[in-house]
Structures are given as C-alpha cells and as structure tokens.
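Pasting start.pdb here (PDB, C-alpha atoms):
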```pdb
MODEL        1
ATOM      1  CA  VAL A 174     104.857 125.334  79.262  1.00  0.00           C
ATOM      2  CA  GLN A 175     107.832 125.375  81.631  1.00  0.00           C
ATOM      3  CA  LEU A 176     107.513 125.821  85.361  1.00  0.00           C
ATOM      4  CA  GLN A 177     110.398 126.697  87.663  1.00  0.00           C
ATOM      5  CA  ALA A 178     110.078 126.681  91.428  1.00  0.00           C
ATOM      6  CA  SER A 179     112.572 128.669  93.478  1.00  0.00           C
ATOM      7  CA  GLY A 180     113.077 130.189  96.893  1.00  0.00           C
ATOM      8  CA  GLY A 181     113.659 127.109  98.990  1.00  0.00           C
ATOM      9  CA  GLY A 182     116.280 126.891 101.683  1.00  0.00           C
ATOM     10  CA  LEU A 183     117.005 126.227 105.321  1.00  0.00           C
ATOM     11  CA  VAL A 184     114.955 128.106 107.913  1.00  0.00           C
ATOM     12  CA  SER A 185     114.450 127.793 111.653  1.00  0.00           C
ATOM     13  CA  ALA A 186     111.122 126.756 113.118  1.00  0.00           C
ATOM     14  CA  GLY A 187     108.812 129.739 113.396  1.00  0.00           C
ATOM     15  CA  GLY A 188     110.481 131.438 110.472  1.00  0.00           C
ATOM     16  CA  SER A 189     109.138 132.467 107.079  1.00  0.00           C
ATOM     17  CA  LEU A 190     109.976 131.727 103.486  1.00  0.00           C
ATOM     18  CA  THR A 191     108.494 132.714 100.133  1.00  0.00           C
ATOM     19  CA  LEU A 192     108.567 130.341  97.201  1.00  0.00           C
ATOM     20  CA  SER A 193     108.014 131.375  93.591  1.00  0.00           C
ATOM     21  CA  CYS A 194     106.731 129.388  90.631  1.00  0.00           C
ATOM     22  CA  ALA A 195     107.554 131.022  87.319  1.00  0.00           C
ATOM     23  CA  ALA A 196     105.671 129.864  84.248  1.00  0.00           C
ATOM     24  CA  SER A 197     106.891 130.460  80.711  1.00  0.00           C
ATOM     25  CA  GLY A 198     106.019 129.370  77.215  1.00  0.00           C
ATOM     26  CA  SER A 199     102.529 129.058  75.753  1.00  0.00           C
ATOM     27  CA  ILE A 200     100.584 129.367  78.979  1.00  0.00           C
ATOM     28  CA  PRO A 201      96.947 128.332  78.582  1.00  0.00           C
ATOM     29  CA  SER A 202      94.221 130.549  79.974  1.00  0.00           C
ATOM     30  CA  PRO A 203      92.267 130.210  82.079  1.00  0.00           C
ATOM     31  CA  ASN A 204      94.453 128.115  84.326  1.00  0.00           C
ATOM     32  CA  SER A 205      95.104 127.162  87.908  1.00  0.00           C
ATOM     33  CA  VAL A 206      98.519 126.916  89.556  1.00  0.00           C
ATOM     34  CA  SER A 207      98.951 124.646  92.553  1.00  0.00           C
ATOM     35  CA  TRP A 208     101.687 124.079  95.091  1.00  0.00           C
ATOM     36  CA  TYR A 209     102.521 120.638  96.433  1.00  0.00           C
ATOM     37  CA  ARG A 210     105.125 119.239  98.770  1.00  0.00           C
ATOM     38  CA  GLN A 211     106.616 115.840  99.290  1.00  0.00           C
ATOM     39  CA  ALA A 212     108.164 115.014 102.633  1.00  0.00           C
ATOM     40  CA  PRO A 213     110.740 112.230 102.877  1.00  0.00           C
ATOM     41  CA  GLY A 214     109.030 108.854 102.728  1.00  0.00           C
ATOM     42  CA  LYS A 215     105.592 110.376 102.146  1.00  0.00           C
ATOM     43  CA  GLN A 216     103.306 110.910  99.200  1.00  0.00           C
ATOM     44  CA  ARG A 217     103.025 114.255  97.490  1.00  0.00           C
ATOM     45  CA  GLU A 218     100.601 116.516  99.333  1.00  0.00           C
ATOM     46  CA  TYR A 219      98.436 119.236  97.859  1.00  0.00           C
ATOM     47  CA  LEU A 220      98.863 122.602  99.573  1.00  0.00           C
ATOM     48  CA  ALA A 221      97.114 125.412  97.726  1.00  0.00           C
ATOM     49  CA  GLN A 222      95.999 126.680  94.354  1.00  0.00           C
ATOM     50  CA  ILE A 223      95.092 129.939  92.671  1.00  0.00           C
ATOM     51  CA  THR A 224      93.221 130.367  89.431  1.00  0.00           C
ATOM     52  CA  SER A 225      94.010 132.945  86.787  1.00  0.00           C
ATOM     53  CA  GLY A 226      90.834 134.671  87.977  1.00  0.00           C
ATOM     54  CA  GLY A 227      92.206 134.942  91.507  1.00  0.00           C
ATOM     55  CA  LEU A 228      90.216 132.224  93.271  1.00  0.00           C
ATOM     56  CA  ARG A 229      92.211 130.550  96.050  1.00  0.00           C
ATOM     57  CA  ASP A 230      92.000 127.240  97.836  1.00  0.00           C
ATOM     58  CA  TYR A 231      94.069 125.897 100.705  1.00  0.00           C
ATOM     59  CA  SER A 232      94.665 122.555 102.322  1.00  0.00           C
ATOM     60  CA  SER A 233      93.617 122.473 105.952  1.00  0.00           C
ATOM     61  CA  SER A 234      97.178 121.494 106.910  1.00  0.00           C
ATOM     62  CA  ILE A 235      98.563 124.924 105.961  1.00  0.00           C
ATOM     63  CA  LYS A 236      95.535 127.184 106.097  1.00  0.00           C
ATOM     64  CA  GLY A 237      96.222 130.324 108.103  1.00  0.00           C
ATOM     65  CA  ARG A 238     100.006 129.947 107.813  1.00  0.00           C
ATOM     66  CA  PHE A 239     100.576 129.933 104.056  1.00  0.00           C
ATOM     67  CA  THR A 240      99.256 132.413 101.485  1.00  0.00           C
ATOM     68  CA  ILE A 241      99.216 131.912  97.733  1.00  0.00           C
ATOM     69  CA  SER A 242      99.304 134.904  95.383  1.00  0.00           C
ATOM     70  CA  ARG A 243     100.061 135.868  91.814  1.00  0.00           C
ATOM     71  CA  GLY A 244     102.873 138.209  90.951  1.00  0.00           C
ATOM     72  CA  ASN A 245     102.404 141.419  89.015  1.00  0.00           C
ATOM     73  CA  ASP A 246     103.316 139.666  85.769  1.00  0.00           C
ATOM     74  CA  ARG A 247     100.507 137.142  86.420  1.00  0.00           C
ATOM     75  CA  ASN A 248     102.788 134.278  85.323  1.00  0.00           C
ATOM     76  CA  THR A 249     104.470 133.943  88.693  1.00  0.00           C
ATOM     77  CA  VAL A 250     102.722 132.362  91.641  1.00  0.00           C
ATOM     78  CA  ASN A 251     104.148 132.847  95.110  1.00  0.00           C
ATOM     79  CA  LEU A 252     103.669 130.810  98.233  1.00  0.00           C
ATOM     80  CA  HIS A 253     104.292 132.852 101.359  1.00  0.00           C
ATOM     81  CA  MET A 254     104.988 130.515 104.261  1.00  0.00           C
ATOM     82  CA  ASN A 255     104.864 131.720 107.870  1.00  0.00           C
ATOM     83  CA  SER A 256     105.210 130.001 111.241  1.00  0.00           C
ATOM     84  CA  LEU A 257     107.125 127.169 109.643  1.00  0.00           C
ATOM     85  CA  LYS A 258     107.400 123.862 111.466  1.00  0.00           C
ATOM     86  CA  PRO A 259     109.837 120.964 111.039  1.00  0.00           C
ATOM     87  CA  ASP A 260     106.907 118.991 109.550  1.00  0.00           C
ATOM     88  CA  ASP A 261     106.871 121.489 106.682  1.00  0.00           C
ATOM     89  CA  THR A 262     110.189 120.100 105.473  1.00  0.00           C
ATOM     90  CA  GLY A 263     110.052 118.658 101.989  1.00  0.00           C
ATOM     91  CA  VAL A 264     110.415 119.268  98.292  1.00  0.00           C
ATOM     92  CA  TYR A 265     107.952 121.909  97.138  1.00  0.00           C
ATOM     93  CA  SER A 266     106.823 121.870  93.527  1.00  0.00           C
ATOM     94  CA  CYS A 267     104.219 123.621  91.426  1.00  0.00           C
ATOM     95  CA  GLY A 268     101.836 122.471  88.744  1.00  0.00           C
ATOM     96  CA  LEU A 269      99.680 124.281  86.208  1.00  0.00           C
ATOM     97  CA  ILE A 270      96.454 122.928  84.816  1.00  0.00           C
ATOM     98  CA  GLU A 271      94.468 124.347  81.960  1.00  0.00           C
ATOM     99  CA  LEU A 272      90.892 124.976  83.010  1.00  0.00           C
ATOM    100  CA  GLY A 273      88.610 123.677  80.298  1.00  0.00           C
ATOM    101  CA  GLY A 274      89.886 122.894  76.830  1.00  0.00           C
ATOM    102  CA  ASN A 275      92.308 119.972  76.908  1.00  0.00           C
ATOM    103  CA  ALA A 276      92.833 120.270  80.678  1.00  0.00           C
ATOM    104  CA  SER A 277      96.560 119.954  79.992  1.00  0.00           C
ATOM    105  CA  HIS A 278      98.703 119.548  83.094  1.00  0.00           C
ATOM    106  CA  PHE A 279     102.256 120.772  83.485  1.00  0.00           C
ATOM    107  CA  TRP A 280     104.790 120.181  86.256  1.00  0.00           C
ATOM    108  CA  GLY A 281     107.980 121.859  87.322  1.00  0.00           C
ATOM    109  CA  GLU A 282     111.042 120.776  89.253  1.00  0.00           C
ATOM    110  CA  GLY A 283     110.818 121.241  92.987  1.00  0.00           C
ATOM    111  CA  THR A 284     112.725 123.303  95.491  1.00  0.00           C
ATOM    112  CA  GLN A 285     113.877 121.957  98.847  1.00  0.00           C
ATOM    113  CA  VAL A 286     112.597 123.500 102.067  1.00  0.00           C
ATOM    114  CA  THR A 287     114.165 122.406 105.318  1.00  0.00           C
ATOM    115  CA  VAL A 288     112.842 123.635 108.654  1.00  0.00           C
ATOM    116  CA  SER A 289     115.117 123.043 111.596  1.00  0.00           C
ATOM    117  CA  SER A 290     113.811 122.665 115.143  1.00  0.00           C
TER
ENDMDL
END
```
As structure tokens, what does this structure read like?
Amino acid sequence: VQLQASGGGLVSAGGSLTLSCAASGSIPSPNSVSWYRQAPGKQREYLAQITSGGLRDYSSSIKGRFTISRGNDRNTVNLHMNSLKPDDTGVYSCGLIELGGNASHFWGEGTQVTVSS
C-alpha cells in the first residue's frame, strides 16, 4: 500500500486548506485512515481518523475546525482545515491501518503546512 499526502502550502491565519491522502495498491478492508501532524521540535500528533465504514474521530485540538472525509473513489481521504492558526504549522502525514486481520500499518510522506500570522 502506498500513501501520498498532498495539498499543503502557505496560508494566512484564519484561512482554509484541504489536504488529500491518496491510497493505492492492495488496500486492506476494512481500514481506518488517520491524519497526523508534526510541528517543529514536537512529537507527532494525532488529528483525526475515518474508517472505511465512515466512522470519524477527532482530536480535541482540532475538533470543530477540521473535517475528515472520504473522496468519491473511497481511496482518498481529505482533511478540510478551517480557521487555521500559526500553531497548526507542521508536516501533515497520513497513515492507514487494517482493521482486524494482520492490523498492518502503512505510512505516507508528509506535506508541509505553514500558517502565517
């Protein structure tokens, strides 16, 4: 399984950005796709996840500002980010975990998001 995150960039505080995580290859099902971010000098932080069945979970740090969704092809997971703050700056990456079975875990390269004040 290959995961590719895209959509990062530079945005002003209060702005919006949508990130995409595209999965390809032999994608296990059911699965859950999660978004994480890593700010400079900090540990990677969990943000949100969505299962192949559509169940969603959010970290309290982004709840109400970010929305996770699956694309029409079901193999793309988007993270819609609103009301961005400078503290949201970091490298955003996605991961896919197989639910049940071998519980295999896959990671993709991240995309940089920079929020200017």
So for stretch 237-254 of chain A, what box centre and size do we get, axis-aligned, 3 Å extra on each of the six sides, every listed atom, Å to one decimal, as AutoDock Vina command-line options?
```
--center_x 100.6 --center_y 135.7 --center_z 96.7 --size_x 14.8 --size_y 17.5 --size_z 28.8
```
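Nearest residue to A:Phe279 among A:Val206, A:Ser179, A:Arg229, A:Thr191 is A:Val206, counting only C-alpha atoms.
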Each residue of stretch 193-224 of chain A lying at most 8 Å from stretch 237-247 of chain A should get a row with its shortest atom-to-atom pair and the distance in Å to one decimal, counting only C-alpha atoms; could you produce that, ordered by chain and increasing number, as a Markdown table?
```
| residue | atom | partner | partner_atom | distance |
| --- | --- | --- | --- | --- |
| A:Ala221 | CA | A:Ile241 | CA | 6.8 |
| A:Gln222 | CA | A:Ile241 | CA | 7.0 |
| A:Ile223 | CA | A:Ile241 | CA | 6.8 |
```
Residue by residue, what does the PyMOL selection byres ((chain A and resi 224) around 10) grab here? Present the result as a PDB file with C-alpha atoms, in the frame of the given file.
```pdb
ATOM      1  CA  SER A 202      94.221 130.549  79.974  1.00  0.00           C
ATOM      2  CA  PRO A 203      92.267 130.210  82.079  1.00  0.00           C
ATOM      3  CA  ASN A 204      94.453 128.115  84.326  1.00  0.00           C
ATOM      4  CA  SER A 205      95.104 127.162  87.908  1.00  0.00           C
ATOM      5  CA  VAL A 206      98.519 126.916  89.556  1.00  0.00           C
ATOM      6  CA  SER A 207      98.951 124.646  92.553  1.00  0.00           C
ATOM      7  CA  GLN A 222      95.999 126.680  94.354  1.00  0.00           C
ATOM      8  CA  ILE A 223      95.092 129.939  92.671  1.00  0.00           C
ATOM      9  CA  SER A 225      94.010 132.945  86.787  1.00  0.00           C
ATOM     10  CA  GLY A 226      90.834 134.671  87.977  1.00  0.00           C
ATOM     11  CA  GLY A 227      92.206 134.942  91.507  1.00  0.00           C
ATOM     12  CA  LEU A 228      90.216 132.224  93.271  1.00  0.00           C
ATOM     13  CA  ARG A 229      92.211 130.550  96.050  1.00  0.00           C
ATOM     14  CA  ASP A 230      92.000 127.240  97.836  1.00  0.00           C
ATOM     15  CA  SER A 242      99.304 134.904  95.383  1.00  0.00           C
ATOM     16  CA  ARG A 243     100.061 135.868  91.814  1.00  0.00           C
ATOM     17  CA  VAL A 250     102.722 132.362  91.641  1.00  0.00           C
ATOM     18  CA  LEU A 269      99.680 124.281  86.208  1.00  0.00           C
ATOM     19  CA  ILE A 270      96.454 122.928  84.816  1.00  0.00           C
ATOM     20  CA  GLU A 271      94.468 124.347  81.960  1.00  0.00           C
ATOM     21  CA  LEU A 272      90.892 124.976  83.010  1.00  0.00           C
TER      22      LEU A 272
END
```
Review point. Any idea what's packed within 8 Å of A:Ser266, counting all atoms listed in the file, ignoring anything in its chain fewer than 5 positions away? Could you give it as a count of residues only?
Key: 9
Point to revise | Answer as a VMD selection string, residues within 8 Å of (109.0, 132.4, 101.0) using all atoms listed in the file | key: chain A and resid 180 to 181 189 to 193 251 to 254
Exercise for review: Figure out the distance between atom CA of A:Val288 and atom CA of A:Pro213, please, to one decimal in Å.
Suggested key: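 So the answer is 13.0 Å.
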Review point. Within 7 Å of A:Gly263, counting only C-alpha atoms, which residues qualify if same-chain residues fewer than 6 places away don't, as a list in words?
Key: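 Non-adjacent residues within range: Arg210, Gln211, Ala212, Pro213, Gln285, Val286 and Thr287 of chain A.
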Practice item. For each of A:Ser233, A:Thr249, A:Gln175, A:Asn255, take the minimum atom-to-atom distance to A:Ala195, counting all atoms listed in the file, then give the residue where this is smallest. Key: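 Closest to A:Ala195, using all atoms listed in the file: A:Thr249.
In this comparison, which uses all atoms listed in the file, the residue of A:Ser256, A:Ser232, A:Gln216, A:Asn248 approaching A:Gln177 most closely is A:Asn248.
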Exercise for review: Name the residues that the PyMOL selection byres ((chain A and resi 187) around 7) pulls out of this structure, and write them as a ChimeraX atom specification.
Suggested key: /A:185-186,188-189,256-258
Exercise for review: Would you mind telling me which residue in A:Cys194, A:Leu220, A:Asp261, A:Leu176 lies nearest to A:Ser290 when using only C-alpha atoms?
Suggested key: A:Asp261
Exercise for review: Just give me the gap between atom CA of A:Leu183 and atom CA of A:Lys236 in Å, one decimal is fine.
Suggested key: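 Going from atom CA of A:Leu183 over to atom CA of A:Lys236, I get 21.5 Å.
The spacing separating atom CA of A:Cys267 from atom CA of A:Gly182 amounts to 16.2 Å.
Across A:Val184, A:Tyr231, A:Ser199, A:Tyr219, the tightest approach to A:Gly268 is made by A:Tyr219 when counting all atoms listed in the file.
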Review point. Which residue, A:Val174, A:Arg217, A:Ser234, A:Asp260, has the smallest gap to A:Ser289 when you use all atoms listed in the file?
Key: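 Smallest separation from A:Ser289 among the options: A:Asp260.
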Mind completing stretch 208-227 of chain A with N, CA and C atoms? Output as a short mmCIF file (atom, residue, chain, number, x, y, z; two decimals), keeping the file's coordinate frame, please?
```
data_model
loop_
_atom_site.label_atom_id
_atom_site.label_comp_id
_atom_site.auth_asym_id
_atom_site.auth_seq_id
_atom_site.Cartn_x
_atom_site.Cartn_y
_atom_site.Cartn_z
N TRP A 208 100.45 124.44 94.40
CA TRP A 208 101.69 124.08 95.09
C TRP A 208 101.47 122.74 95.80
N TYR A 209 102.53 121.94 95.78
CA TYR A 209 102.52 120.64 96.43
C TYR A 209 103.82 120.50 97.22
N ARG A 210 103.85 119.57 98.13
CA ARG A 210 105.12 119.24 98.77
C ARG A 210 105.18 117.73 98.98
N GLN A 211 106.40 117.25 99.02
CA GLN A 211 106.62 115.84 99.29
C GLN A 211 107.68 115.72 100.37
N ALA A 212 107.25 115.23 101.53
CA ALA A 212 108.16 115.01 102.63
C ALA A 212 108.85 113.67 102.43
N PRO A 213 110.02 113.50 103.02
CA PRO A 213 110.74 112.23 102.88
C PRO A 213 109.88 111.05 103.30
N GLY A 214 109.77 110.06 102.42
CA GLY A 214 109.03 108.85 102.73
C GLY A 214 107.52 108.98 102.66
N LYS A 215 107.03 110.15 102.20
CA LYS A 215 105.59 110.38 102.15
C LYS A 215 105.15 110.68 100.73
N GLN A 216 103.85 110.57 100.51
CA GLN A 216 103.31 110.91 99.20
C GLN A 216 103.24 112.41 99.03
N ARG A 217 103.16 112.84 97.78
CA ARG A 217 103.02 114.26 97.49
C ARG A 217 101.70 114.76 98.05
N GLU A 218 101.76 115.93 98.65
CA GLU A 218 100.60 116.52 99.33
C GLU A 218 100.22 117.83 98.67
N TYR A 219 98.95 117.97 98.40
CA TYR A 219 98.44 119.24 97.86
C TYR A 219 98.42 120.29 98.96
N LEU A 220 98.83 121.52 98.60
CA LEU A 220 98.86 122.60 99.57
C LEU A 220 97.87 123.72 99.26
N ALA A 221 97.93 124.25 98.05
CA ALA A 221 97.11 125.41 97.73
C ALA A 221 97.07 125.60 96.22
N GLN A 222 96.07 126.35 95.76
CA GLN A 222 96.00 126.68 94.35
C GLN A 222 95.38 128.05 94.17
N ILE A 223 95.68 128.66 93.03
CA ILE A 223 95.09 129.94 92.67
C ILE A 223 94.79 129.91 91.18
N THR A 224 93.59 130.34 90.83
CA THR A 224 93.22 130.37 89.43
C THR A 224 93.68 131.67 88.79
N SER A 225 93.64 131.72 87.48
CA SER A 225 94.01 132.94 86.79
C SER A 225 93.02 134.05 87.10
N GLY A 226 91.83 133.68 87.58
CA GLY A 226 90.83 134.67 87.98
C GLY A 226 90.98 135.11 89.42
N GLY A 227 91.93 134.50 90.14
CA GLY A 227 92.21 134.94 91.51
C GLY A 227 91.55 134.11 92.60
#
```
